[in-house]
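What follows is a set of notes on a single structure, which appears directly below.
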Amino acid sequence: MTNTDQKTKGMFSWALYDWANSSYFVIIQTFVFAAYFTKAIAVDEITGTDQWSNMISLSGLLIALTAPFLGAIADQGGRRKPWIFFFTVVTVVASFLLWYAKPSADYIFYSLAIAFFATVGAEYAFIFYSAMLPDLVPSHKMGRWSGWGWGLGYAGGLACLLVALYVFIEPGGKWLGLDTSSSEEIRATFILTGIWYALFSIPLFLKTPDTPSKKKGVVRSVKDGYMQILASLKEVRKYKNIVRFLIARMIYNDAVVLIYGFGGIYAAGTFNMDTQDILLFGVGLNVTAGIGAFGFAWMDDKLGSKPTIMWSLVGLAVPVVAVIFVKSAAWFMIWGLILGIFFGPVQAASRTLMGRLSPPDQRNQMFGLFALSGKATAFLGPKLIGLTTVWFASQRVGMGVILVLLLVGLLLMLTVEDSSVNGADPEYGTKAD
């Protein structure tokens with residue numbers, strides 16, 4: 001096997017982890033468990049929406065406070081795969097444990113606690129996974145691989161949803177003798193999630209090369225990581241363009257997360273869509289999102305990450321306005337599918353821009369800050385939706401928070417200097433293979 005073939009296998013295995021990781025975000029956090037919790041476990045849908053938003057907020061706050069520090073420690077230790085492996089195991093085990101979340105208010109605390117650990121594990125794993133990208137491919141190819149990774153993620157989410165829908169939920173789990181009166185056909189999809197995540201993450205650990213270990217002990221890595229954080233804070237002016245980008249991303253990413261995190265809840269509560277309808281919508285959403293991620297990947301490399309991000313934000317804002325005002329479930333699904341086209345590009349291009357701007361010896365830390373930008377105010381978004389929904393007794397008004405965040409993020413992106421055009425950053429990135 002040639003060196004090029006080995007690199008391609010390694011990169012495909014890296015991208016396949018997105019396929020694995022997406023099973024959690026699609027089944028647990030968005031389309032199945034979130035809706036199941038608000039409709040079957042919580043005392044009512046309004047209260048359930050508020051409780052779920054509180055859990056997402058707390059997990060986001062924890063990640064925001066710790067991700068940069070963990071990233072700095074990883075920079076000092078060198079390797080990333082041990083971190084990915086540990087947090088993958090956390091999410092897989094937690095997904096299995098959600099089987100025991102029965103449709104009763106007695107399981108509210110249990111459900112939220114296990115979902116909290118699963119969310120934290122999946123988010124941490126994705127931080128270190130994303131930080132691998134700049135060391136695997138040259139700058140001018142990062143856009144396409146980042147986009148292809150997101151595209152595979154949506155394809156994986158689609159495949160997992162199809163299995164959940166047609167193997168477990170639609171037939172009522174009869175082939176396994178599942179008890180529909182206790183929602184076992186729905187709860188079985190949480191076990192499916194754990195198996196899916198574990199199985200498809202294996203190639204990453206076997207085929208994708210890791211950065212070499214710096215042979216530092218844990219105590220030394222923690223100490224040096226702390227010093228690295230302090231040094232970065234002292235030299236923050238050196239990274240002022242990165243800071244501007246992270247602030248903009250902090251705002252618009254909150255909107256993207258809210259769309260994905262509350263889409264199933266909104267569909268269930270406002271349009272009275274049942275689990276099967278929500279899953280069908282999820283299937284269509286992942287198709288359009290995958291098409292968008294693959295299609296815009298080339299745009300990222302050719303035109304630059306900033307134009308890709310900004311066009312994607314416009315593409316998200318227009319359908320959000322529509323889904324707030326439409327009255328029928330059919331129109332909600334149509335505009336929702338259009339919205340999906342721009343999910344992948346805005347996320348993939350953001351990851352690419354971070355990779356191109358990050359100093360090579362601080363990439364884990366920078367992607368920790370990248371995670372911070374996605375979580376620092378993430379606790380506010382769900383809380384604002386929860387409070388607004390409760391205050392006005394309307395999920396439509398609550399979803400208006402998303403539109404405001406998208407527009408603010410778009411305006412802030414105008415202040416970011418785009419040095420990634422044509423894939424070359426003058427300070428940190430090159431076109432050299």
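Residue names in the structure tokens use chain letters A, B, ... in the order shown, residue numbers from 1 in each chain, and ligand numbers from 1 in the order shown.
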Item to complete: For Thr189 in chain A, list every protein, DNA or RNA residue within 10 Å, evaluated using only C-alpha atoms, and leave out those in the same chain fewer than 3 positions away; present the list as a list in words.
Response: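 Everything that qualifies: Ile27, Ile28, Val32, Phe33, Ser95, Phe96, Leu98, Trp99, Cys160, Leu161, Val163, Ala164, Leu165, Val167, Phe168, Ile169, Glu184, Glu185, Ile186, Leu192, Thr193, Gly194 and Ile195 of chain A.
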Practice prompt. Check the DSSP output for the backbone and give back, as a count of residues only, the residues of range 120-323 of chain A in alpha helix (DSSP H).
Written response: 158
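For the choices A:Gly60, A:Gly143, A:Pro307, A:Gly71, the atom-to-atom distance to Val120 in chain A is smallest for A:Gly60 when using only C-alpha atoms.
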Worksheet item: For Ala330 in chain A, which of A:Phe296, A:Phe85, A:Trp52, A:Phe281 is the closest residue, counting only C-alpha atoms?
Response: A:Phe281
Fill in: Residues near range 271-278 of chain A, cut-off 10 Å, only C-alpha atoms, skip fewer than 3 positions along chain, as a ChimeraX atom specification
/A:30-33,35-36,39,164-166,169-170,186,263-268,281-284,326-330,332-333
Would you save the residues of that selection, restricted to C-alpha atoms, as a PDB file, in the first residue's frame?
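So part-v9.pdb came out as:
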```pdb
ATOM      1  CA  THR A  30     -32.567  15.972  18.846  1.00  0.00           C
ATOM      2  CA  PHE A  31     -35.205  13.735  17.338  1.00  0.00           C
ATOM      3  CA  VAL A  32     -36.003  10.847  19.666  1.00  0.00           C
ATOM      4  CA  PHE A  33     -34.961  11.115  23.295  1.00  0.00           C
ATOM      5  CA  ALA A  35     -39.062  14.563  22.248  1.00  0.00           C
ATOM      6  CA  TYR A  36     -39.645  11.356  24.253  1.00  0.00           C
ATOM      7  CA  LYS A  39     -43.879  14.098  25.916  1.00  0.00           C
ATOM      8  CA  ALA A 164     -34.513   3.414  14.388  1.00  0.00           C
ATOM      9  CA  LEU A 165     -37.675   4.163  12.439  1.00  0.00           C
ATOM     10  CA  TYR A 166     -38.142   1.047  10.318  1.00  0.00           C
ATOM     11  CA  ILE A 169     -40.408   2.256  16.099  1.00  0.00           C
ATOM     12  CA  GLU A 170     -42.696   1.645  13.096  1.00  0.00           C
ATOM     13  CA  ILE A 186     -38.430   3.889  21.463  1.00  0.00           C
ATOM     14  CA  GLY A 263     -36.272  21.126  16.429  1.00  0.00           C
ATOM     15  CA  GLY A 264     -37.841  17.888  17.608  1.00  0.00           C
ATOM     16  CA  ILE A 265     -39.390  19.536  20.659  1.00  0.00           C
ATOM     17  CA  TYR A 266     -40.845  22.354  18.518  1.00  0.00           C
ATOM     18  CA  ALA A 267     -42.250  19.878  16.004  1.00  0.00           C
ATOM     19  CA  ALA A 268     -43.854  17.805  18.747  1.00  0.00           C
ATOM     20  CA  PHE A 281     -38.637  14.817   9.216  1.00  0.00           C
ATOM     21  CA  GLY A 282     -35.238  13.997  10.694  1.00  0.00           C
ATOM     22  CA  VAL A 283     -34.515  11.689   7.776  1.00  0.00           C
ATOM     23  CA  GLY A 284     -35.294  14.435   5.271  1.00  0.00           C
ATOM     24  CA  VAL A 326     -46.181  28.779   9.234  1.00  0.00           C
ATOM     25  CA  LYS A 327     -49.311  27.109  10.533  1.00  0.00           C
ATOM     26  CA  SER A 328     -49.229  23.646   8.980  1.00  0.00           C
ATOM     27  CA  ALA A 329     -46.876  20.755   9.671  1.00  0.00           C
ATOM     28  CA  ALA A 330     -46.356  20.325   5.914  1.00  0.00           C
ATOM     29  CA  PHE A 332     -42.908  23.453   8.614  1.00  0.00           C
ATOM     30  CA  MET A 333     -41.269  20.379   7.082  1.00  0.00           C
TER      31      MET A 333
END
```
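Minimum atom-to-atom distance to Asp254 in chain A, evaluated using only C-alpha atoms, belongs to A:Ser57 out of A:Ser57, A:Thr47, A:Thr38, A:Ser23.
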Discussion item. At a cut-off of 9 Å, using only C-alpha atoms, what residues contact range 177-182 of chain A? Leave out same-chain residues fewer than 5 positions from it and give the result as a ChimeraX atom specification.
Written reply: /A:102-103,168,172,187-188
Write out as a JSON list (two decimals) with N, CA and C atoms, in the first residue's frame each polymer residue whose atoms come within 8 Å of Gly290 in chain A, counting only C-alpha atoms; drop sequence neighbours fewer than 5 positions from it.
```json
[["chain", "number", "residue", "atom", "x", "y", "z"],
["A", 150, "TRP", "N", -18.50, 16.43, 7.89],
["A", 150, "TRP", "CA", -19.86, 16.80, 8.27],
["A", 150, "TRP", "C", -20.88, 16.07, 7.41],
["A", 151, "GLY", "N", -20.57, 15.94, 6.11],
["A", 151, "GLY", "CA", -21.49, 15.23, 5.22],
["A", 151, "GLY", "C", -21.68, 13.78, 5.64],
["A", 152, "LEU", "N", -20.57, 13.12, 5.97],
["A", 152, "LEU", "CA", -20.67, 11.74, 6.46],
["A", 152, "LEU", "C", -21.45, 11.69, 7.77],
["A", 153, "GLY", "N", -21.27, 12.74, 8.59],
["A", 153, "GLY", "CA", -22.02, 12.79, 9.85],
["A", 153, "GLY", "C", -23.52, 12.81, 9.61],
["A", 154, "TYR", "N", -23.94, 13.63, 8.67],
["A", 154, "TYR", "CA", -25.37, 13.68, 8.36],
["A", 154, "TYR", "C", -25.85, 12.39, 7.72],
["A", 155, "ALA", "N", -24.99, 11.78, 6.89],
["A", 155, "ALA", "CA", -25.36, 10.49, 6.30],
["A", 155, "ALA", "C", -25.49, 9.44, 7.39],
["A", 341, "ILE", "N", -30.07, 22.52, 4.53],
["A", 341, "ILE", "CA", -29.00, 22.65, 3.54],
["A", 341, "ILE", "C", -27.81, 23.42, 4.10],
["A", 344, "GLY", "N", -24.64, 22.05, 7.63],
["A", 344, "GLY", "CA", -23.30, 21.53, 7.47],
["A", 344, "GLY", "C", -22.27, 22.58, 7.07]]
```
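Proximity ranking of A:Lys174, A:Arg249, A:Arg356, A:His140 relative to Leu405 in chain A places A:Arg249 first, based on only C-alpha atoms.
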